[in-house]
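Dumped start31.cif below, it's mmCIF, C-alpha atoms and all ligand atoms:
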data_run
#
loop_
_atom_site.label_atom_id
_atom_site.label_comp_id
_atom_site.auth_asym_id
_atom_site.auth_seq_id
_atom_site.Cartn_x
_atom_site.Cartn_y
_atom_site.Cartn_z
CA MET A 1 14.48 29.40 -9.20
CA THR A 2 14.41 31.48 -6.03
CA GLU A 3 13.52 29.87 -2.75
CA LEU A 4 10.35 31.58 -1.59
CA ARG A 5 11.65 32.14 1.92
CA SER A 6 14.35 34.44 0.56
CA LEU A 7 11.83 36.78 -1.14
CA SER A 8 11.42 40.31 0.21
CA PRO A 9 8.08 41.11 1.90
CA ASP A 10 7.05 43.09 -1.19
CA ALA A 11 7.92 40.28 -3.59
CA LEU A 12 6.09 37.79 -1.37
CA ALA A 13 2.98 40.01 -1.29
CA SER A 14 2.94 40.39 -5.05
CA LEU A 15 3.41 36.63 -5.54
CA THR A 16 0.53 36.03 -3.12
CA ARG A 17 -1.75 38.28 -5.22
CA GLU A 18 -0.73 36.43 -8.37
CA LEU A 19 -1.43 33.03 -6.76
CA GLU A 20 -4.76 34.23 -5.39
CA ALA A 21 -5.77 35.23 -8.91
CA ARG A 22 -4.77 31.83 -10.28
CA PHE A 23 -6.67 30.13 -7.46
CA ALA A 24 -9.79 32.22 -8.12
CA ALA A 25 -9.63 31.31 -11.82
CA PHE A 26 -9.62 27.62 -10.92
CA GLU A 27 -12.46 28.13 -8.48
CA ALA A 28 -14.53 29.81 -11.19
CA ARG A 29 -14.23 26.74 -13.39
CA GLY A 30 -16.42 24.69 -11.03
CA LEU A 31 -14.12 21.67 -11.26
CA LYS A 32 -15.11 18.30 -9.79
CA LEU A 33 -11.98 16.15 -9.68
CA ASP A 34 -11.23 13.28 -7.32
CA MET A 35 -7.67 12.23 -6.49
CA THR A 36 -8.46 10.42 -3.25
CA ARG A 37 -8.34 6.67 -3.41
CA GLY A 38 -5.96 4.36 -5.23
CA LYS A 39 -8.44 2.62 -7.46
CA PRO A 40 -7.62 1.28 -10.93
CA SER A 41 -9.12 3.23 -13.84
CA SER A 42 -11.87 1.68 -15.95
CA GLU A 43 -9.30 1.27 -18.80
CA GLN A 44 -7.16 -0.83 -16.47
CA LEU A 45 -10.16 -2.91 -15.43
CA ASP A 46 -11.08 -3.38 -19.10
CA LEU A 47 -7.75 -5.17 -19.63
CA ALA A 48 -9.10 -8.13 -17.67
CA ASN A 49 -12.59 -8.23 -19.20
CA GLY A 50 -11.68 -11.40 -21.10
CA MET A 51 -11.76 -13.09 -17.73
CA LEU A 52 -15.50 -12.56 -17.44
CA ALA A 53 -16.23 -15.26 -20.02
CA LEU A 54 -14.03 -17.75 -18.14
CA PRO A 55 -13.94 -20.52 -17.12
CA GLY A 56 -17.17 -21.04 -19.10
CA ALA A 57 -19.68 -23.78 -18.52
CA GLY A 58 -17.60 -26.45 -20.29
CA ASP A 59 -14.55 -26.99 -18.14
CA LEU A 60 -14.73 -26.35 -14.44
CA ILE A 61 -12.36 -29.03 -13.25
CA ALA A 62 -9.03 -27.94 -11.73
CA SER A 63 -5.69 -29.68 -12.23
CA ASP A 64 -6.17 -31.75 -9.07
CA GLY A 65 -9.48 -33.07 -10.41
CA SER A 66 -11.62 -30.98 -8.08
CA ASP A 67 -14.88 -29.51 -9.33
CA THR A 68 -14.43 -25.80 -8.69
CA ARG A 69 -18.17 -25.31 -8.29
CA ASN A 70 -18.26 -27.40 -5.17
CA TYR A 71 -17.07 -26.97 -1.58
CA GLY A 72 -13.52 -27.74 -0.49
CA GLY A 73 -9.93 -26.80 -1.21
CA LEU A 74 -9.39 -24.69 1.88
CA ASP A 75 -6.05 -23.22 0.82
CA GLY A 76 -6.80 -22.75 -2.87
CA LEU A 77 -6.37 -24.47 -6.26
CA PRO A 78 -2.86 -25.82 -6.85
CA GLU A 79 -2.47 -23.74 -10.03
CA MET A 80 -3.48 -20.50 -8.23
CA LYS A 81 -1.14 -21.32 -5.34
CA ALA A 82 1.64 -21.84 -7.89
CA ILE A 83 1.14 -18.33 -9.31
CA PHE A 84 1.29 -16.70 -5.87
CA ALA A 85 4.24 -18.94 -4.90
CA GLU A 86 6.21 -17.51 -7.82
CA MET A 87 5.09 -13.95 -7.10
CA LEU A 88 6.02 -14.17 -3.42
CA GLU A 89 9.03 -16.47 -3.98
CA VAL A 90 7.96 -19.16 -1.52
CA PRO A 91 7.17 -22.88 -1.91
CA SER A 92 3.52 -23.32 -2.84
CA GLU A 93 2.87 -25.40 0.33
CA GLN A 94 3.51 -22.15 2.20
CA VAL A 95 0.73 -20.27 0.39
CA ILE A 96 -2.91 -19.97 1.40
CA VAL A 97 -5.17 -18.56 -1.29
CA GLY A 98 -8.08 -16.68 0.22
CA GLY A 99 -11.07 -14.73 -0.99
CA ASN A 100 -11.19 -11.44 -2.82
CA SER A 101 -9.28 -9.27 -0.33
CA SER A 102 -5.83 -9.36 1.21
CA LEU A 103 -6.97 -6.71 3.70
CA THR A 104 -9.45 -9.25 5.04
CA MET A 105 -6.62 -11.78 5.42
CA MET A 106 -4.50 -9.21 7.28
CA HIS A 107 -7.40 -8.27 9.51
CA ASP A 108 -8.12 -11.92 10.27
CA ALA A 109 -4.45 -12.69 10.99
CA VAL A 110 -4.42 -9.84 13.54
CA VAL A 111 -7.68 -10.98 15.12
CA ARG A 112 -6.55 -14.63 15.30
CA ALA A 113 -3.40 -13.51 17.11
CA LEU A 114 -5.42 -11.37 19.50
CA VAL A 115 -7.90 -14.12 20.30
CA HIS A 116 -5.77 -17.28 20.02
CA GLY A 117 -2.13 -16.20 19.90
CA VAL A 118 0.40 -17.41 17.33
CA PRO A 119 2.82 -20.36 17.12
CA ASP A 120 5.70 -19.98 19.59
CA GLY A 121 3.79 -17.32 21.48
CA SER A 122 2.57 -17.28 25.04
CA GLY A 123 -1.17 -17.20 24.40
CA PRO A 124 -3.68 -14.68 23.08
CA TRP A 125 -2.22 -11.23 22.53
CA ALA A 126 -5.43 -9.70 23.82
CA LYS A 127 -4.73 -11.17 27.28
CA GLN A 128 -1.63 -8.98 27.58
CA PRO A 129 -2.10 -5.64 29.32
CA LYS A 130 -1.14 -3.84 26.11
CA VAL A 131 -0.46 -4.72 22.48
CA LYS A 132 1.50 -2.34 20.29
CA PHE A 133 2.42 -2.27 16.59
CA LEU A 134 5.14 -0.29 14.86
CA CYS A 135 3.79 1.76 11.98
CA PRO A 136 6.33 3.08 9.48
CA SER A 137 4.79 6.34 8.31
CA PRO A 138 3.61 7.78 6.07
CA GLY A 139 1.80 4.50 5.56
CA TYR A 140 -1.47 2.83 4.59
CA ASP A 141 -4.46 4.20 6.46
CA ARG A 142 -6.38 0.90 6.42
CA HIS A 143 -3.56 -0.88 8.27
CA PHE A 144 -3.77 1.78 10.94
CA ALA A 145 -7.56 1.46 11.04
CA ILE A 146 -7.24 -2.28 11.86
CA CYS A 147 -5.04 -1.43 14.86
CA GLU A 148 -7.25 1.39 16.05
CA HIS A 149 -10.39 -0.72 15.71
CA HIS A 150 -8.95 -3.53 17.83
CA GLY A 151 -7.31 -1.36 20.46
CA ILE A 152 -3.72 -1.95 19.35
CA GLU A 153 -1.53 1.01 20.24
CA MET A 154 0.38 2.38 17.27
CA ILE A 155 3.93 3.67 17.43
CA THR A 156 5.00 5.78 14.47
CA VAL A 157 8.46 5.17 13.05
CA ASP A 158 9.95 7.16 10.19
CA LEU A 159 9.79 5.70 6.71
CA ARG A 160 12.91 6.74 4.84
CA ASP A 161 14.02 6.28 1.23
CA ASP A 162 15.31 2.77 1.94
CA GLY A 163 12.51 1.64 4.30
CA PRO A 164 11.76 2.18 7.98
CA ASP A 165 14.39 3.84 10.17
CA MET A 166 15.99 0.63 11.43
CA ASP A 167 17.86 2.24 14.32
CA GLN A 168 14.48 3.32 15.72
CA VAL A 169 12.86 -0.04 14.96
CA GLU A 170 15.60 -2.18 16.48
CA LYS A 171 15.69 -0.11 19.66
CA LEU A 172 11.93 -0.17 20.16
CA VAL A 173 11.38 -3.89 19.55
CA ALA A 174 14.34 -4.83 21.75
CA GLU A 175 13.06 -2.82 24.70
CA ASP A 176 9.31 -3.33 24.68
CA ALA A 177 7.74 -6.81 24.83
CA ALA A 178 4.31 -5.29 24.20
CA ILE A 179 5.35 -4.60 20.59
CA LYS A 180 3.93 -7.65 18.85
CA GLY A 181 3.83 -6.52 15.27
CA MET A 182 4.83 -4.11 12.58
CA TRP A 183 3.11 -3.09 9.35
CA SER A 184 5.15 -2.96 6.15
CA VAL A 185 4.38 -2.24 2.52
CA PRO A 186 7.87 -3.26 1.46
CA LYS A 187 7.67 -2.65 -2.29
CA TYR A 188 6.42 0.61 -3.85
CA SER A 189 5.02 1.51 -0.45
CA ASN A 190 1.69 3.24 -0.03
CA PRO A 191 2.09 6.25 -0.27
CA THR A 192 5.78 7.01 -0.86
CA GLY A 193 6.68 4.35 -3.44
CA THR A 194 9.68 3.30 -1.34
CA THR A 195 11.10 -0.21 -1.76
CA TYR A 196 12.91 -1.54 1.30
CA SER A 197 16.64 -2.02 0.70
CA PRO A 198 18.23 -5.49 1.09
CA GLU A 199 19.97 -4.25 4.25
CA VAL A 200 16.66 -3.12 5.81
CA VAL A 201 15.08 -6.49 4.97
CA ARG A 202 18.08 -8.28 6.51
CA ARG A 203 17.88 -6.20 9.70
CA LEU A 204 14.11 -6.75 10.02
CA ALA A 205 14.65 -10.49 9.73
CA ALA A 206 17.57 -10.58 12.15
CA MET A 207 16.60 -8.04 14.83
CA LYS A 208 16.13 -9.18 18.41
CA THR A 209 12.63 -8.60 19.71
CA ALA A 210 11.60 -8.59 23.36
CA ALA A 211 8.33 -10.29 22.32
CA PRO A 212 9.08 -13.92 21.32
CA ASP A 213 5.97 -13.93 19.12
CA PHE A 214 6.65 -10.72 17.19
CA ARG A 215 5.20 -10.68 13.65
CA LEU A 216 5.99 -8.67 10.53
CA PHE A 217 2.81 -7.96 8.57
CA TRP A 218 4.46 -7.86 5.15
CA ASP A 219 1.84 -6.43 2.80
CA ASN A 220 3.37 -6.97 -0.62
CA ALA A 221 0.37 -5.38 -2.34
CA TYR A 222 2.51 -3.91 -5.15
CA ALA A 223 4.81 -6.89 -5.79
CA VAL A 224 4.35 -6.77 -9.58
CA HIS A 225 3.19 -3.20 -10.07
CA ASP A 226 6.23 -1.77 -11.87
CA LEU A 227 5.89 1.36 -14.00
CA TYR A 228 9.13 0.73 -15.89
CA ALA A 229 10.70 -2.35 -17.50
CA GLU A 230 13.39 -2.40 -14.84
CA GLY A 231 11.41 -2.79 -11.62
CA ASP A 232 12.63 -2.42 -8.04
CA LYS A 233 13.90 -5.65 -6.51
CA LEU A 234 12.72 -6.57 -3.03
CA ALA A 235 14.77 -9.01 -0.97
CA ASN A 236 12.81 -12.09 0.10
CA ILE A 237 11.74 -11.81 3.73
CA VAL A 238 10.71 -15.46 4.20
CA PRO A 239 14.12 -17.13 3.76
CA ALA A 240 15.79 -14.10 5.40
CA CYS A 241 13.77 -14.71 8.58
CA GLN A 242 14.31 -18.45 8.30
CA SER A 243 18.09 -18.17 8.14
CA ALA A 244 18.13 -15.58 10.94
CA GLY A 245 16.43 -18.12 13.20
CA HIS A 246 13.00 -16.42 13.14
CA PRO A 247 11.07 -18.53 10.62
CA ASN A 248 7.66 -17.60 12.02
CA ARG A 249 8.24 -13.84 11.95
CA PRO A 250 6.76 -12.89 8.53
CA PHE A 251 3.12 -12.95 7.46
CA VAL A 252 3.21 -12.09 3.76
CA PHE A 253 0.13 -10.85 1.88
CA ALA A 254 -0.73 -10.05 -1.74
CA SER A 255 -3.70 -9.95 -4.07
CA THR A 256 -4.75 -9.45 -7.65
CA SER A 257 -6.95 -6.50 -6.72
CA LYS A 258 -4.82 -4.20 -8.88
CA ILE A 259 -3.99 -6.87 -11.44
CA SER A 260 -7.45 -8.15 -12.39
CA PHE A 261 -10.44 -6.54 -10.66
CA ALA A 262 -10.36 -4.52 -7.43
CA GLY A 263 -13.00 -6.21 -5.32
CA ALA A 264 -13.27 -9.32 -7.49
CA GLY A 265 -9.68 -10.50 -7.49
CA VAL A 266 -7.91 -13.22 -5.54
CA ALA A 267 -5.88 -12.71 -2.36
CA ALA A 268 -3.19 -14.82 -0.74
CA MET A 269 -1.08 -15.16 2.36
CA ALA A 270 2.32 -16.85 2.68
CA SER A 271 4.33 -17.74 5.73
CA SER A 272 6.34 -20.46 7.50
CA PRO A 273 4.96 -24.02 7.56
CA ALA A 274 4.01 -23.59 11.25
CA ASN A 275 2.15 -20.33 10.67
CA VAL A 276 0.40 -21.74 7.61
CA ALA A 277 -0.72 -24.86 9.53
CA ASP A 278 -2.00 -22.66 12.36
CA ALA A 279 -3.87 -20.31 10.01
CA LYS A 280 -5.48 -23.26 8.19
CA LYS A 281 -6.69 -24.69 11.49
CA HIS A 282 -8.61 -21.47 12.13
CA LEU A 283 -9.68 -20.97 8.51
CA GLY A 284 -11.29 -24.40 8.52
CA ILE A 285 -13.65 -23.14 11.19
CA GLN A 286 -14.36 -19.92 9.31
CA THR A 287 -15.15 -21.38 5.87
CA ILE A 288 -15.63 -24.63 3.95
CA GLY A 289 -13.52 -23.19 1.19
CA PRO A 290 -12.85 -20.13 -0.97
CA ASP A 291 -14.33 -19.14 -4.34
CA LYS A 292 -12.49 -21.58 -6.57
CA VAL A 293 -14.45 -20.60 -9.68
CA ASN A 294 -12.88 -17.17 -9.47
CA GLN A 295 -9.47 -18.72 -8.94
CA LEU A 296 -9.96 -20.90 -12.03
CA ARG A 297 -11.09 -17.83 -13.99
CA HIS A 298 -7.83 -16.11 -13.07
CA VAL A 299 -5.71 -19.14 -13.87
CA ARG A 300 -7.34 -19.67 -17.26
CA PHE A 301 -6.95 -15.99 -18.13
CA TYR A 302 -3.29 -15.49 -17.12
CA LYS A 303 -2.21 -19.12 -17.75
CA ASP A 304 0.80 -18.70 -15.45
CA TYR A 305 2.92 -16.15 -13.60
CA LYS A 306 4.64 -15.05 -16.82
CA GLY A 307 1.23 -14.33 -18.32
CA LEU A 308 0.33 -12.26 -15.29
CA LEU A 309 3.56 -10.27 -15.58
CA SER A 310 2.94 -9.44 -19.22
CA HIS A 311 -0.57 -8.28 -18.27
CA MET A 312 1.06 -5.91 -15.78
CA GLN A 313 3.05 -4.28 -18.58
CA ARG A 314 -0.23 -3.14 -20.08
CA HIS A 315 -1.21 -1.62 -16.74
CA ALA A 316 2.15 0.16 -16.66
CA GLU A 317 1.53 1.72 -20.07
CA LEU A 318 -1.70 3.27 -18.76
CA MET A 319 -0.23 4.34 -15.41
CA ARG A 320 3.17 5.71 -16.42
CA PRO A 321 1.94 8.88 -18.18
CA LYS A 322 -0.31 9.66 -15.20
CA PHE A 323 2.54 9.41 -12.70
CA GLU A 324 4.76 11.43 -14.99
CA ALA A 325 2.05 14.12 -15.31
CA VAL A 326 2.06 14.47 -11.52
CA THR A 327 5.80 14.72 -11.09
CA THR A 328 6.28 16.95 -14.16
CA THR A 329 3.71 19.42 -12.85
CA PHE A 330 5.25 19.45 -9.39
CA GLU A 331 8.71 19.95 -10.88
CA ARG A 332 7.51 22.83 -13.08
CA GLU A 333 5.44 24.60 -10.42
CA LEU A 334 7.22 23.75 -7.18
CA GLY A 335 10.78 22.82 -8.15
CA GLY A 336 13.57 24.85 -6.50
CA LYS A 337 11.16 26.94 -4.39
CA GLY A 338 12.03 25.25 -1.11
CA ILE A 339 8.38 24.67 -0.21
CA ALA A 340 7.72 21.05 -1.13
CA SER A 341 9.26 17.69 -1.91
CA TRP A 342 7.66 14.71 -3.57
CA THR A 343 8.44 11.14 -4.53
CA SER A 344 8.91 9.85 -8.09
CA PRO A 345 7.88 6.22 -7.63
CA ARG A 346 8.90 3.54 -10.08
CA GLY A 347 5.77 1.54 -9.29
CA GLY A 348 2.76 1.20 -7.03
CA TYR A 349 -0.23 3.49 -6.89
CA PHE A 350 0.74 6.73 -5.18
CA VAL A 351 2.89 9.83 -5.16
CA SER A 352 3.65 11.31 -1.75
CA LEU A 353 3.89 15.08 -1.44
CA ASP A 354 5.45 16.86 1.55
CA THR A 355 4.65 20.54 2.03
CA LEU A 356 6.19 22.96 4.51
CA ASP A 357 5.38 21.94 8.08
CA GLY A 358 1.87 22.93 9.07
CA CYS A 359 0.56 23.35 5.50
CA ALA A 360 -0.92 19.97 4.46
CA LYS A 361 -4.39 20.46 5.96
CA GLU A 362 -4.59 23.91 4.43
CA VAL A 363 -3.57 22.63 0.98
CA VAL A 364 -6.24 19.91 1.13
CA ARG A 365 -8.81 22.51 2.21
CA LEU A 366 -7.87 24.92 -0.57
CA ALA A 367 -7.83 22.18 -3.22
CA ASN A 368 -11.25 21.01 -2.11
CA LYS A 369 -12.52 24.58 -2.38
CA ALA A 370 -11.24 24.68 -5.95
CA GLY A 371 -13.00 21.38 -6.77
CA VAL A 372 -10.13 18.89 -6.33
CA LYS A 373 -10.69 16.26 -3.68
CA LEU A 374 -7.51 14.96 -2.03
CA THR A 375 -7.05 12.26 0.62
CA GLY A 376 -7.47 13.96 4.00
CA ALA A 377 -4.20 15.31 5.39
CA GLY A 378 -3.08 13.12 8.27
CA ALA A 379 -4.62 9.94 6.82
CA THR A 380 -1.17 8.52 6.14
CA TYR A 381 -0.28 8.56 9.87
CA PRO A 382 -1.54 6.52 12.85
CA TYR A 383 -4.68 8.02 14.41
CA GLY A 384 -4.94 10.34 11.40
CA ARG A 385 -2.42 12.68 12.98
CA ASP A 386 0.57 13.80 10.95
CA PRO A 387 2.84 15.31 13.61
CA ARG A 388 4.25 17.83 11.11
CA ASP A 389 1.04 18.33 9.12
CA ARG A 390 2.94 18.12 5.86
CA ASN A 391 2.14 14.84 4.05
CA ILE A 392 -0.40 14.51 1.23
CA ARG A 393 -1.09 11.30 -0.66
CA VAL A 394 -1.77 11.75 -4.37
CA ALA A 395 -3.53 8.90 -6.18
CA PRO A 396 -3.16 9.32 -9.96
CA SER A 397 -4.48 5.96 -11.18
CA MET A 398 -8.17 6.55 -11.65
CA PRO A 399 -8.86 9.93 -13.32
CA PRO A 400 -8.13 10.41 -17.04
CA LEU A 401 -4.80 12.05 -17.90
CA ASP A 402 -6.26 15.44 -18.85
CA GLN A 403 -8.03 15.64 -15.48
CA ILE A 404 -4.86 14.72 -13.62
CA ARG A 405 -3.00 17.56 -15.34
CA VAL A 406 -5.64 20.08 -14.26
CA ALA A 407 -5.90 18.62 -10.75
CA MET A 408 -2.14 18.80 -10.26
CA ASP A 409 -2.05 22.41 -11.51
CA VAL A 410 -4.64 23.18 -8.84
CA VAL A 411 -2.73 21.31 -6.13
CA ALA A 412 0.53 23.04 -7.09
CA VAL A 413 -1.13 26.48 -6.84
CA CYS A 414 -2.66 25.52 -3.48
CA VAL A 415 0.74 24.39 -2.15
CA GLN A 416 2.28 27.71 -3.22
CA LEU A 417 -0.58 29.73 -1.80
CA ALA A 418 -0.50 27.95 1.56
CA SER A 419 3.29 28.36 1.62
CA VAL A 420 3.41 32.09 0.87
CA ARG A 421 0.74 32.74 3.49
CA LYS A 422 2.69 30.67 6.01
CA LEU A 423 5.95 32.44 5.15
CA ALA A 424 4.27 35.85 5.44
CA GLY A 425 3.35 34.73 8.97
N1 LIG B 501 -2.58 -3.12 0.90
C1 LIG B 501 -2.21 -1.96 0.38
C2 LIG B 501 -0.88 -1.39 0.71
C3 LIG B 501 -3.08 -1.26 -0.46
O1 LIG B 501 -2.71 -0.08 -0.97
C4 LIG B 501 -4.35 -1.82 -0.76
C5 LIG B 501 -5.33 -1.14 -1.66
N2 LIG B 501 -5.40 0.22 -1.60
C6 LIG B 501 -4.69 -3.03 -0.17
C7 LIG B 501 -3.79 -3.67 0.65
C8 LIG B 501 -6.03 -3.66 -0.40
O2 LIG B 501 -5.87 -4.93 -0.90
P1 LIG B 501 -7.10 -5.91 -1.17
O3 LIG B 501 -7.93 -5.32 -2.24
O4 LIG B 501 -6.43 -7.17 -1.58
O5 LIG B 501 -7.86 -6.06 0.12
#
Turn this file's structure into structure tokens for me.
Ligand code: PMP
Amino acid sequence: MTELRSLSPDALASLTRELEARFAAFEARGLKLDMTRGKPSSEQLDLANGMLALPGAGDLIASDGSDTRNYGGLDGLPEMKAIFAEMLEVPSEQVIVGGNSSLTMMHDAVVRALVHGVPDGSGPWAKQPKVKFLCPSPGYDRHFAICEHHGIEMITVDLRDDGPDMDQVEKLVAEDAAIKGMWSVPKYSNPTGTTYSPEVVRRLAAMKTAAPDFRLFWDNAYAVHDLYAEGDKLANIVPACQSAGHPNRPFVFASTSKISFAGAGVAAMASSPANVADAKKHLGIQTIGPDKVNQLRHVRFYKDYKGLLSHMQRHAELMRPKFEAVTTTFERELGGKGIASWTSPRGGYFVSLDTLDGCAKEVVRLANKAGVKLTGAGATYPYGRDPRDRNIRVAPSMPPLDQIRVAMDVVAVCVQLASVRKLAG
């Protein structure tokens, strides 16, 4: 395959005409395809429908004797805590089970720190002249939205194949005491599918920070979302921080949003005993207790962590062909042309596509014109600004396979069209 930048002006012009014809043919089809958000498909949601009949009116008592219909149980049912404890590899006393959304728990952890401060800190973060967070990017737009909403300044650091660029991270946190936090999606990251290497996890746990109350917001949203039997292994941040002398550094989050039902799942947070005690103190003001009926429903359906893992294999069977359709199309249409690179994740919910610099917005615009909605270019960077305008997040979970194939054909043509126009200057 010839790199497009080595084509003669005539060859480039004729390729442009060919791509314009392909684009026009797609446009004429009046497609309406949506590849924007990482939602589970209805087939995936169907896998958990058995849960809807549970726990049933007959047995609503949890293992600790509590009636799940009533108030109480601030940090969750023991059997639900046990499942998250295994998933997150922490003692169950260090787990707080929340409501339906881990994003809510992350948001609230940030706000609590802003308003009240954190254990071993020096008071409310919001009383400092400036609060900054490191944002490995491309990353999750809703993390960045929490910072933007609450006036936390975001500093972009590069996300590489093995996690954030640790030389950058270590230098920044050592020099600037205003850097209080860092976002991380450490396994099958949104959107690149990267899993942090053991060495990156070790360095994050051990690094010296100018802020004594620095926190890692460790969003392990895709902890069990493997596409293949052999999943990526993520080193455990909680004991790593503990043995490095920074036990209170990690706030770990997860949920069953993409295991059971997105929007009607169960979320959890895990951390050091001191952080957990502090969070519970505040939570007790916020609520009398979470939805324990939903927790019981989940526990009765999955039985235990092993049951949950075998459920995830059924998700993988639905997801794998969709991810492979994306990467196969990119390989066929874009491979060897020197105009794009993309990830081939082994889990999670996204494929990340990098175009030539300055082409991402144009690709999204063209795809939209041809009836394929993509996540807005820039969304994967703080403030919605991709400095190189090259990253596009592709979310293959929701549409049916045949639609994904068509949508990716369209995207691949748009990438080529934007590239040849760029190269022609
Ligand atoms: N974290 C990440 C990295 C995600 O991709 C998502 C869903 N797109 C969430 C959190 C949302 O989780 P929840 O439904 O538990 O709020």
Which is closest to ligand LIG 501 (chain B) among A:Val364, A:Ala424, A:Ile146, A:Val415, if we use only C-alpha atoms and all ligand atoms?
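Between A:Val364, A:Ala424, A:Ile146, A:Val415, the residue approaching ligand LIG 501 (chain B) most closely is A:Ile146.
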Considering only C-alpha atoms and all ligand atoms, can you say which of A:Gly56, A:Gly38, A:Pro198, A:Gly99 comes closest to ligand LIG 501 (chain B)?
A:Gly38
Counting all atoms listed in the file, which residue out of A:Lys258, A:Arg17, A:Arg249, A:Lys292 sits closest to Asp67 in chain A?
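Smallest distance to Asp67 in chain A is found for A:Lys292.
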With 7 Å as the cut-off and all atoms listed in the file counted, what is the closest atom pair between each nearby residue of chain A and ligand LIG 501 (chain B)? Distances in Å to one decimal, ordered by chain and number, as JSON lines.
{"residue": "A:Gly38", "atom": "CA", "partner": "B:LIG501", "partner_atom": "N2", "distance": 5.5}
{"residue": "A:Asn100", "atom": "CA", "partner": "B:LIG501", "partner_atom": "O4", "distance": 6.5}
{"residue": "A:Ser101", "atom": "CA", "partner": "B:LIG501", "partner_atom": "O5", "distance": 3.5}
{"residue": "A:Ser102", "atom": "CA", "partner": "B:LIG501", "partner_atom": "O4", "distance": 3.6}
{"residue": "A:Leu103", "atom": "CA", "partner": "B:LIG501", "partner_atom": "O5", "distance": 3.7}
{"residue": "A:Thr104", "atom": "CA", "partner": "B:LIG501", "partner_atom": "O5", "distance": 6.1}
{"residue": "A:Tyr140", "atom": "CA", "partner": "B:LIG501", "partner_atom": "C2", "distance": 5.8}
{"residue": "A:Val185", "atom": "CA", "partner": "B:LIG501", "partner_atom": "C2", "distance": 5.6}
{"residue": "A:Ser189", "atom": "CA", "partner": "B:LIG501", "partner_atom": "C2", "distance": 6.7}
{"residue": "A:Asn190", "atom": "CA", "partner": "B:LIG501", "partner_atom": "C2", "distance": 5.3}
{"residue": "A:Asp219", "atom": "CA", "partner": "B:LIG501", "partner_atom": "N1", "distance": 5.8}
{"residue": "A:Ala221", "atom": "CA", "partner": "B:LIG501", "partner_atom": "N1", "distance": 4.9}
{"residue": "A:Ala254", "atom": "CA", "partner": "B:LIG501", "partner_atom": "O4", "distance": 6.4}
{"residue": "A:Ser255", "atom": "CA", "partner": "B:LIG501", "partner_atom": "O4", "distance": 4.6}
{"residue": "A:Thr256", "atom": "CA", "partner": "B:LIG501", "partner_atom": "O4", "distance": 6.7}
{"residue": "A:Ser257", "atom": "CA", "partner": "B:LIG501", "partner_atom": "O3", "distance": 4.7}
{"residue": "A:Ala262", "atom": "CA", "partner": "B:LIG501", "partner_atom": "O3", "distance": 5.8}
{"residue": "A:Gly263", "atom": "CA", "partner": "B:LIG501", "partner_atom": "O3", "distance": 6.0}
{"residue": "A:Ala267", "atom": "CA", "partner": "B:LIG501", "partner_atom": "O4", "distance": 5.6}
A:Leu33, A:Leu401, A:Ala85, A:Leu77: which is nearest Met269 in chain A, counting all atoms listed in the file?
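Residue with the minimum atom-to-atom distance to Met269 in chain A: A:Ala85.
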How far is it from CA of Asp167 in chain A to CA of Gly347 in chain A, in Å with one decimal?
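Distance between the two atoms: 26.5 Å.
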For the point (-0.1, -23.0, -1.9) in file coordinates, what residues are within 7 Å, counting all atoms listed in the file? Give the answer as a list in words?
Asp75, Gly76, Pro78, Lys81, Ala82, Ala85, Ser92, Glu93, Gln94, Val95, Ile96 and Val97 of chain A
Tell me which protein, DNA and RNA residues are within 8 Å of Met182 in chain A, counting all atoms listed in the file, leaving out same-chain ones fewer than 5 positions away, and put them as a PDB file with C-alpha atoms, in the coordinates of the input.
ATOM      1  CA  PHE A 133       2.420  -2.270  16.590  1.00  0.00           C
ATOM      2  CA  LEU A 134       5.140  -0.290  14.860  1.00  0.00           C
ATOM      3  CA  CYS A 135       3.790   1.760  11.980  1.00  0.00           C
ATOM      4  CA  PRO A 136       6.330   3.080   9.480  1.00  0.00           C
ATOM      5  CA  ARG A 215       5.200 -10.680  13.650  1.00  0.00           C
ATOM      6  CA  LEU A 216       5.990  -8.670  10.530  1.00  0.00           C
ATOM      7  CA  PHE A 217       2.810  -7.960   8.570  1.00  0.00           C
TER       8      PHE A 217
END
List as a list in words the residues having at least one atom at most 7 Å from position (-8.1, 7.0, -10.9) as given in the file, counting only C-alpha atoms.
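Those residues, ordered by chain and then number, are Met35, Gly38, Lys39, Pro40, Ser41, Ala395, Pro396, Ser397, Met398 and Pro399 of chain A.
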Only C-alpha atoms, please: the residues just picked out, written as a PDB file, in the frame of the given file.
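Final output, saved to again-v4.pdb:
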ATOM      1  CA  MET A  35      -7.670  12.230  -6.490  1.00  0.00           C
ATOM      2  CA  GLY A  38      -5.960   4.360  -5.230  1.00  0.00           C
ATOM      3  CA  LYS A  39      -8.440   2.620  -7.460  1.00  0.00           C
ATOM      4  CA  PRO A  40      -7.620   1.280 -10.930  1.00  0.00           C
ATOM      5  CA  SER A  41      -9.120   3.230 -13.840  1.00  0.00           C
ATOM      6  CA  ALA A 395      -3.530   8.900  -6.180  1.00  0.00           C
ATOM      7  CA  PRO A 396      -3.160   9.320  -9.960  1.00  0.00           C
ATOM      8  CA  SER A 397      -4.480   5.960 -11.180  1.00  0.00           C
ATOM      9  CA  MET A 398      -8.170   6.550 -11.650  1.00  0.00           C
ATOM     10  CA  PRO A 399      -8.860   9.930 -13.320  1.00  0.00           C
TER      11      PRO A 399
END
Residue nearest Lys369 in chain A among A:Asp158, A:Ile288, A:Ala28, A:Arg405 (counting all atoms listed in the file)
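Selected residue with least distance to Lys369 in chain A: A:Ala28.
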